[in-house]
Amino acid sequence: MSISSLLVPAILFFALGMLACIIKSDLKFPPDMHKMIVIYLLIGIGLHGGKALATSNMGDALPAVWAALAFGVGLPIIAYVILRALGKIDPLNAAAISAHYGSVSAGTYMTAVAFLGGIGITYEAYPVIMLAIMESPAIMIGLVLAGYSRKIMGGAAKAEKGMYKHLLLEAFTNGSILLLFGSMAIGAAVSDASYKKIEPFFETIFMGALCIFLADMGMEAGKRLSEFKQVGVFLVGFGIGMPLIGAFFGLLLGHYYLGYSVGGVTLVTVLAASCSYIAVPPAMRLAIPEANPSFYLTLSLGCTFPFNVVIGIPTYYAAAQYLAGQA
């Protein structure tokens with residue numbers, strides 16, 4: 001991995017945001033700007049993926065669906081076992097943290113897309129399907145782990161009647177998932193002539209909007225740095241080690257099972273290595289109120305996200321090249 005691989009505008013803007021927070025700059029973005037840019041970026045990803053899927057064989061997408069489900073179910077369980085067996089983390093905090101590591105980070109995926117675009121690497125359209133699918137299974141596994149944790153602790157569930165049903169329904173009607181699937185459907189359905197009318201807005205300026213988003217995320221990550229003392233050495237190590245475990249399985253499935261190109265394998269690896277910081281935290285806060293939010297928020301925003309953006313993505317790309325015999 002060379003230094004030049006880190007000199008991508010998106011990554012540099014993330015570093016700028018972190019720096020602004022560290023030096024206590026008065027730099028601030030409007031409160032609603034983050035949500036607006038996330039909506040824009042999700043629609044852009046969905047449209048681009050849907051347009052590419054329109055020219056693809058949908059039967060070839062099924063392996064990506066199975067891989068996404070495998071990641072969404074398997075990775076939280078692996079995380080839970082590590083947290084309990086090695087870290088001796090209490091069951092409810094372990095369950096809440098684990099759910100985040102089976103889910104995905106759209107911001108990390110978008111950064112990987114920017115990274116690949118910056119070096120001229122193409123990729124398959126199917127990883128965007130995995131991005132849309134992986135959120136829900138992890139939330140459901142988190143609910144299962146929470147129930148199991150309460151059982152082994154001998155305590156009664158504190159959840160209100162019907163709450164789990166509400167969370168399961170929300171896992172499938174989440175706004176991010178709706179935007180991705182809906183935008184993919186629109187991108188696949190519209191004609192080339194119609195798509196060209198919106199292409200300048202959703203593709204030409206996409207990378208610029210991503211830079212603003214990552215500058216904002218850099219400031220959010222910077223705010224979490226002060227909480228590392230509370231999190232502890234083991235959890236910080238977990239926040240770096242768990243993405244590498246996910247990346248290992250992502251590389252194997254992307255290369256050997258899915259058979260994707262270097263760019264496609266990189267994106268699959270990024271999905272397996274990422275950690276949710278948008279959809280899962282509110283779900284876990286509602287389902288497991290006993291868990292400490294500073295643990296999973298600090299790990300996702302202050303540790304795993306910065307690690308993946310600055311070090312992980314170029315490393316995963318280099319590993320995908322090695323597997324393809326291009327290193």
# chains A, B, ... in the order shown; residues from 1 in each chain; ligands from 1
call {"tool": "residues_around", "arguments": {"residues": "Phe181 in chain A", "least_positions_apart": "2", "cutoff": "9 Å", "atoms": "only C-alpha atoms", "output": "PyMOL selection string"}}
result
chain A and resi 46+50+129+132+176-179+183-186
call {"tool": "select_by_dssp", "arguments": {"residues": "range 151-324 of chain A", "states": "alpha helix (DSSP H)", "output": "PyMOL selection string"}}
result
chain A and resi 151-153+163-173+175-189+192-199+206-224+228-231+233-252+262-273+280-287+293-297+305-307+313-323
call {"tool": "write_last_selection", "arguments": {"atoms": "C-alpha atoms", "output": "compact mmCIF listing (two decimals), in the first residue's frame"}}
result
# COMPACT_ATOMS: atom_id res chain seq x y z
CA LYS A 151 -31.68 -15.53 29.38
CA ILE A 152 -28.14 -16.42 30.47
CA MET A 153 -28.16 -13.46 32.86
CA MET A 163 -41.28 -3.84 20.54
CA TYR A 164 -39.41 -6.70 18.87
CA LYS A 165 -42.08 -6.93 16.18
CA HIS A 166 -41.73 -3.19 15.64
CA LEU A 167 -37.95 -3.45 15.31
CA LEU A 168 -38.15 -6.37 12.87
CA LEU A 169 -40.61 -4.42 10.73
CA GLU A 170 -38.38 -1.35 10.89
CA ALA A 171 -35.40 -3.44 9.78
CA PHE A 172 -37.16 -4.02 6.47
CA THR A 173 -38.74 -0.59 6.07
CA GLY A 175 -35.34 4.58 5.05
CA SER A 176 -31.84 3.74 3.79
CA ILE A 177 -32.98 0.35 2.52
CA LEU A 178 -36.07 1.85 0.90
CA LEU A 179 -33.98 4.50 -0.86
CA LEU A 180 -31.45 1.98 -2.14
CA PHE A 181 -33.96 -0.57 -3.43
CA GLY A 182 -36.29 2.12 -4.78
CA SER A 183 -33.49 3.96 -6.57
CA MET A 184 -32.14 0.70 -7.99
CA ALA A 185 -35.60 -0.11 -9.36
CA ILE A 186 -35.89 3.36 -10.91
CA GLY A 187 -32.41 3.16 -12.39
CA ALA A 188 -33.20 -0.21 -13.96
CA ALA A 189 -36.61 0.89 -15.28
CA ASP A 192 -31.17 5.74 -21.38
CA ALA A 193 -32.57 9.04 -22.67
CA SER A 194 -34.41 9.68 -19.40
CA TYR A 195 -31.42 8.71 -17.29
CA LYS A 196 -29.14 11.14 -19.14
CA LYS A 197 -31.33 14.02 -17.96
CA ILE A 198 -30.53 13.33 -14.29
CA GLU A 199 -27.04 11.90 -14.79
CA PHE A 206 -21.42 12.69 -6.67
CA MET A 207 -17.76 12.74 -5.61
CA GLY A 208 -17.96 16.37 -4.53
CA ALA A 209 -20.93 15.64 -2.28
CA LEU A 210 -19.08 12.62 -0.88
CA CYS A 211 -16.16 14.86 0.11
CA ILE A 212 -18.50 17.12 2.12
CA PHE A 213 -20.10 14.06 3.73
CA LEU A 214 -16.73 12.65 4.77
CA ALA A 215 -15.54 15.99 6.15
CA ASP A 216 -18.63 15.95 8.38
CA MET A 217 -17.97 12.29 9.32
CA GLY A 218 -14.37 13.18 10.12
CA MET A 219 -15.60 15.69 12.69
CA GLU A 220 -17.98 13.10 14.15
CA ALA A 221 -15.14 10.59 14.43
CA GLY A 222 -12.93 13.23 16.04
CA LYS A 223 -15.53 13.83 18.76
CA ARG A 224 -15.30 10.14 19.73
CA PHE A 228 -11.46 5.88 24.10
CA LYS A 229 -10.46 5.76 27.78
CA GLN A 230 -13.95 4.67 28.74
CA VAL A 231 -14.07 2.04 25.98
CA VAL A 233 -7.89 -1.26 25.27
CA PHE A 234 -9.59 -4.55 24.36
CA LEU A 235 -12.58 -2.90 22.67
CA VAL A 236 -10.33 -0.53 20.72
CA GLY A 237 -8.37 -3.58 19.53
CA PHE A 238 -11.68 -5.25 18.67
CA GLY A 239 -12.71 -2.18 16.66
CA ILE A 240 -9.68 -2.74 14.44
CA GLY A 241 -9.46 -6.53 14.57
CA MET A 242 -13.09 -7.31 13.76
CA PRO A 243 -13.01 -5.43 10.43
CA LEU A 244 -9.96 -7.50 9.48
CA ILE A 245 -11.82 -10.72 10.32
CA GLY A 246 -14.76 -9.58 8.21
CA ALA A 247 -12.39 -8.55 5.43
CA PHE A 248 -10.81 -12.03 5.44
CA PHE A 249 -14.19 -13.66 4.78
CA GLY A 250 -15.09 -10.94 2.28
CA LEU A 251 -11.96 -11.60 0.27
CA LEU A 252 -12.57 -15.34 0.23
CA VAL A 262 -10.54 -6.89 -8.31
CA GLY A 263 -12.89 -3.92 -7.96
CA GLY A 264 -15.86 -6.14 -7.11
CA VAL A 265 -13.88 -8.17 -4.56
CA THR A 266 -12.71 -4.92 -2.96
CA LEU A 267 -16.29 -3.72 -2.51
CA VAL A 268 -17.46 -7.08 -1.10
CA THR A 269 -14.53 -6.99 1.33
CA VAL A 270 -15.39 -3.43 2.38
CA LEU A 271 -18.99 -4.46 3.06
CA ALA A 272 -17.87 -7.41 5.21
CA ALA A 273 -15.39 -5.21 7.10
CA VAL A 280 -28.25 -0.15 14.05
CA PRO A 281 -27.47 2.29 16.95
CA PRO A 282 -31.09 3.51 17.41
CA ALA A 283 -32.39 -0.06 17.05
CA MET A 284 -30.00 -1.34 19.73
CA ARG A 285 -30.70 1.63 21.99
CA LEU A 286 -34.37 0.68 21.92
CA ALA A 287 -33.91 -3.10 22.11
CA PRO A 293 -24.20 3.54 23.81
CA SER A 294 -20.74 5.08 24.16
CA PHE A 295 -19.23 1.62 23.59
CA TYR A 296 -20.81 0.86 20.23
CA LEU A 297 -20.86 4.47 18.99
CA PHE A 305 -14.92 3.83 10.37
CA PRO A 306 -11.65 5.85 10.42
CA PHE A 307 -9.59 2.65 10.21
CA ILE A 313 -9.84 0.27 1.84
CA PRO A 314 -6.36 0.54 0.23
CA THR A 315 -5.32 -2.63 2.08
CA TYR A 316 -8.39 -4.57 0.94
CA TYR A 317 -7.76 -3.44 -2.63
CA ALA A 318 -4.12 -4.60 -2.43
CA ALA A 319 -5.28 -7.98 -1.04
CA ALA A 320 -7.82 -8.35 -3.87
CA GLN A 321 -5.03 -7.63 -6.37
CA TYR A 322 -2.86 -10.28 -4.73
CA LEU A 323 -5.61 -12.91 -4.98
call {"tool": "closest_residue", "arguments": {"among": "A:Ala67, A:Tyr40, A:Tyr260, A:Leu131", "to": "Thr108 in chain A", "atoms": "only C-alpha atoms"}}
result
A:Leu131
call {"tool": "atom_distance", "arguments": {"atom1": "CA of Ser56 in chain A", "atom2": "CA of Ala10 in chain A"}}
result
29.1 Å
call {"tool": "atom_distance", "arguments": {"atom1": "CA of Ile133 in chain A", "atom2": "CA of Gly49 in chain A"}}
result
13.7 Å
call {"tool": "atom_distance", "arguments": {"atom1": "CA of Gly74 in chain A", "atom2": "CA of Leu62 in chain A"}}
result
18.0 Å
call {"tool": "decode", "arguments": {"residues": "range 238-279 of chain A", "atoms": "N, CA and C atoms", "output": "PDB file, in the first residue's frame"}}
result
ATOM      1  N   PHE A 238     -10.573  -4.577  19.361  1.00  0.00           N
ATOM      2  CA  PHE A 238     -11.677  -5.249  18.668  1.00  0.00           C
ATOM      3  C   PHE A 238     -12.176  -4.404  17.505  1.00  0.00           C
ATOM      4  N   GLY A 239     -12.236  -3.081  17.700  1.00  0.00           N
ATOM      5  CA  GLY A 239     -12.712  -2.177  16.661  1.00  0.00           C
ATOM      6  C   GLY A 239     -11.830  -2.167  15.430  1.00  0.00           C
ATOM      7  N   ILE A 240     -10.595  -2.606  15.583  1.00  0.00           N
ATOM      8  CA  ILE A 240      -9.675  -2.735  14.438  1.00  0.00           C
ATOM      9  C   ILE A 240      -9.579  -4.182  13.970  1.00  0.00           C
ATOM     10  N   GLY A 241      -9.598  -5.118  14.922  1.00  0.00           N
ATOM     11  CA  GLY A 241      -9.456  -6.527  14.572  1.00  0.00           C
ATOM     12  C   GLY A 241     -10.671  -7.124  13.898  1.00  0.00           C
ATOM     13  N   MET A 242     -11.876  -6.740  14.346  1.00  0.00           N
ATOM     14  CA  MET A 242     -13.090  -7.314  13.763  1.00  0.00           C
ATOM     15  C   MET A 242     -13.251  -6.953  12.289  1.00  0.00           C
ATOM     16  N   PRO A 243     -12.959  -5.716  11.870  1.00  0.00           N
ATOM     17  CA  PRO A 243     -13.010  -5.433  10.427  1.00  0.00           C
ATOM     18  C   PRO A 243     -12.060  -6.315   9.619  1.00  0.00           C
ATOM     19  N   LEU A 244     -10.910  -6.632  10.194  1.00  0.00           N
ATOM     20  CA  LEU A 244      -9.959  -7.500   9.482  1.00  0.00           C
ATOM     21  C   LEU A 244     -10.488  -8.916   9.364  1.00  0.00           C
ATOM     22  N   ILE A 245     -11.192  -9.383  10.397  1.00  0.00           N
ATOM     23  CA  ILE A 245     -11.815 -10.716  10.319  1.00  0.00           C
ATOM     24  C   ILE A 245     -12.891 -10.723   9.242  1.00  0.00           C
ATOM     25  N   GLY A 246     -13.741  -9.684   9.247  1.00  0.00           N
ATOM     26  CA  GLY A 246     -14.764  -9.579   8.209  1.00  0.00           C
ATOM     27  C   GLY A 246     -14.150  -9.475   6.826  1.00  0.00           C
ATOM     28  N   ALA A 247     -13.065  -8.711   6.726  1.00  0.00           N
ATOM     29  CA  ALA A 247     -12.392  -8.551   5.434  1.00  0.00           C
ATOM     30  C   ALA A 247     -11.847  -9.876   4.922  1.00  0.00           C
ATOM     31  N   PHE A 248     -11.336 -10.712   5.829  1.00  0.00           N
ATOM     32  CA  PHE A 248     -10.811 -12.026   5.442  1.00  0.00           C
ATOM     33  C   PHE A 248     -11.897 -12.854   4.759  1.00  0.00           C
ATOM     34  N   PHE A 249     -13.081 -12.906   5.380  1.00  0.00           N
ATOM     35  CA  PHE A 249     -14.186 -13.664   4.781  1.00  0.00           C
ATOM     36  C   PHE A 249     -14.696 -12.988   3.510  1.00  0.00           C
ATOM     37  N   GLY A 250     -14.670 -11.657   3.479  1.00  0.00           N
ATOM     38  CA  GLY A 250     -15.094 -10.939   2.284  1.00  0.00           C
ATOM     39  C   GLY A 250     -14.207 -11.233   1.096  1.00  0.00           C
ATOM     40  N   LEU A 251     -12.904 -11.271   1.335  1.00  0.00           N
ATOM     41  CA  LEU A 251     -11.956 -11.597   0.268  1.00  0.00           C
ATOM     42  C   LEU A 251     -12.195 -13.003  -0.271  1.00  0.00           C
ATOM     43  N   LEU A 252     -12.378 -13.951   0.650  1.00  0.00           N
ATOM     44  CA  LEU A 252     -12.575 -15.340   0.233  1.00  0.00           C
ATOM     45  C   LEU A 252     -13.860 -15.501  -0.577  1.00  0.00           C
ATOM     46  N   LEU A 253     -14.959 -14.962  -0.059  1.00  0.00           N
ATOM     47  CA  LEU A 253     -16.230 -15.114  -0.774  1.00  0.00           C
ATOM     48  C   LEU A 253     -16.244 -14.313  -2.064  1.00  0.00           C
ATOM     49  N   GLY A 254     -15.680 -13.105  -2.035  1.00  0.00           N
ATOM     50  CA  GLY A 254     -15.676 -12.270  -3.234  1.00  0.00           C
ATOM     51  C   GLY A 254     -14.878 -12.882  -4.364  1.00  0.00           C
ATOM     52  N   HIS A 255     -13.734 -13.485  -4.019  1.00  0.00           N
ATOM     53  CA  HIS A 255     -12.856 -14.040  -5.055  1.00  0.00           C
ATOM     54  C   HIS A 255     -13.245 -15.457  -5.463  1.00  0.00           C
ATOM     55  N   TYR A 256     -13.417 -16.336  -4.475  1.00  0.00           N
ATOM     56  CA  TYR A 256     -13.607 -17.755  -4.784  1.00  0.00           C
ATOM     57  C   TYR A 256     -15.073 -18.141  -5.008  1.00  0.00           C
ATOM     58  N   TYR A 257     -15.992 -17.561  -4.273  1.00  0.00           N
ATOM     59  CA  TYR A 257     -17.405 -17.927  -4.413  1.00  0.00           C
ATOM     60  C   TYR A 257     -18.107 -17.072  -5.463  1.00  0.00           C
ATOM     61  N   LEU A 258     -17.930 -15.739  -5.373  1.00  0.00           N
ATOM     62  CA  LEU A 258     -18.609 -14.849  -6.312  1.00  0.00           C
ATOM     63  C   LEU A 258     -17.840 -14.683  -7.615  1.00  0.00           C
ATOM     64  N   GLY A 259     -16.510 -14.821  -7.551  1.00  0.00           N
ATOM     65  CA  GLY A 259     -15.697 -14.727  -8.761  1.00  0.00           C
ATOM     66  C   GLY A 259     -15.654 -13.342  -9.375  1.00  0.00           C
ATOM     67  N   TYR A 260     -15.680 -12.316  -8.545  1.00  0.00           N
ATOM     68  CA  TYR A 260     -15.717 -10.952  -9.052  1.00  0.00           C
ATOM     69  C   TYR A 260     -14.323 -10.471  -9.465  1.00  0.00           C
ATOM     70  N   SER A 261     -14.316  -9.328 -10.156  1.00  0.00           N
ATOM     71  CA  SER A 261     -13.072  -8.671 -10.529  1.00  0.00           C
ATOM     72  C   SER A 261     -12.423  -8.072  -9.286  1.00  0.00           C
ATOM     73  N   VAL A 262     -11.237  -7.501  -9.446  1.00  0.00           N
ATOM     74  CA  VAL A 262     -10.536  -6.892  -8.315  1.00  0.00           C
ATOM     75  C   VAL A 262     -11.390  -5.805  -7.669  1.00  0.00           C
ATOM     76  N   GLY A 263     -12.030  -4.974  -8.500  1.00  0.00           N
ATOM     77  CA  GLY A 263     -12.888  -3.916  -7.960  1.00  0.00           C
ATOM     78  C   GLY A 263     -14.081  -4.482  -7.205  1.00  0.00           C
ATOM     79  N   GLY A 264     -14.709  -5.510  -7.764  1.00  0.00           N
ATOM     80  CA  GLY A 264     -15.863  -6.137  -7.106  1.00  0.00           C
ATOM     81  C   GLY A 264     -15.482  -6.800  -5.798  1.00  0.00           C
ATOM     82  N   VAL A 265     -14.354  -7.512  -5.794  1.00  0.00           N
ATOM     83  CA  VAL A 265     -13.883  -8.167  -4.562  1.00  0.00           C
ATOM     84  C   VAL A 265     -13.579  -7.112  -3.495  1.00  0.00           C
ATOM     85  N   THR A 266     -12.996  -5.994  -3.909  1.00  0.00           N
ATOM     86  CA  THR A 266     -12.707  -4.916  -2.958  1.00  0.00           C
ATOM     87  C   THR A 266     -13.978  -4.423  -2.294  1.00  0.00           C
ATOM     88  N   LEU A 267     -15.039  -4.215  -3.075  1.00  0.00           N
ATOM     89  CA  LEU A 267     -16.293  -3.716  -2.507  1.00  0.00           C
ATOM     90  C   LEU A 267     -16.946  -4.745  -1.585  1.00  0.00           C
ATOM     91  N   VAL A 268     -16.907  -6.023  -1.971  1.00  0.00           N
ATOM     92  CA  VAL A 268     -17.457  -7.076  -1.105  1.00  0.00           C
ATOM     93  C   VAL A 268     -16.686  -7.119   0.211  1.00  0.00           C
ATOM     94  N   THR A 269     -15.374  -6.981   0.127  1.00  0.00           N
ATOM     95  CA  THR A 269     -14.533  -6.986   1.329  1.00  0.00           C
ATOM     96  C   THR A 269     -14.848  -5.798   2.221  1.00  0.00           C
ATOM     97  N   VAL A 270     -15.040  -4.639   1.620  1.00  0.00           N
ATOM     98  CA  VAL A 270     -15.387  -3.432   2.379  1.00  0.00           C
ATOM     99  C   VAL A 270     -16.722  -3.620   3.104  1.00  0.00           C
ATOM    100  N   LEU A 271     -17.697  -4.221   2.434  1.00  0.00           N
ATOM    101  CA  LEU A 271     -18.991  -4.465   3.061  1.00  0.00           C
ATOM    102  C   LEU A 271     -18.843  -5.393   4.269  1.00  0.00           C
ATOM    103  N   ALA A 272     -18.057  -6.452   4.112  1.00  0.00           N
ATOM    104  CA  ALA A 272     -17.871  -7.409   5.210  1.00  0.00           C
ATOM    105  C   ALA A 272     -17.083  -6.796   6.359  1.00  0.00           C
ATOM    106  N   ALA A 273     -16.243  -5.818   6.069  1.00  0.00           N
ATOM    107  CA  ALA A 273     -15.389  -5.207   7.096  1.00  0.00           C
ATOM    108  C   ALA A 273     -16.027  -4.005   7.766  1.00  0.00           C
ATOM    109  N   SER A 274     -17.127  -3.504   7.231  1.00  0.00           N
ATOM    110  CA  SER A 274     -17.674  -2.247   7.745  1.00  0.00           C
ATOM    111  C   SER A 274     -18.565  -2.463   8.963  1.00  0.00           C
ATOM    112  N   CYS A 275     -18.974  -1.359   9.529  1.00  0.00           N
ATOM    113  CA  CYS A 275     -19.727  -1.369  10.792  1.00  0.00           C
ATOM    114  C   CYS A 275     -20.765  -0.254  10.744  1.00  0.00           C
ATOM    115  N   SER A 276     -22.007  -0.580  11.051  1.00  0.00           N
ATOM    116  CA  SER A 276     -23.088   0.402  10.950  1.00  0.00           C
ATOM    117  C   SER A 276     -22.978   1.488  12.012  1.00  0.00           C
ATOM    118  N   TYR A 277     -23.292   2.721  11.611  1.00  0.00           N
ATOM    119  CA  TYR A 277     -23.357   3.806  12.591  1.00  0.00           C
ATOM    120  C   TYR A 277     -24.626   4.638  12.398  1.00  0.00           C
ATOM    121  N   ILE A 278     -25.525   4.197  11.506  1.00  0.00           N
ATOM    122  CA  ILE A 278     -26.756   4.943  11.259  1.00  0.00           C
ATOM    123  C   ILE A 278     -27.997   4.137  11.672  1.00  0.00           C
ATOM    124  N   ALA A 279     -28.210   2.975  11.072  1.00  0.00           N
ATOM    125  CA  ALA A 279     -29.446   2.218  11.304  1.00  0.00           C
ATOM    126  C   ALA A 279     -29.424   1.412  12.593  1.00  0.00           C
TER     127      ALA A 279
END
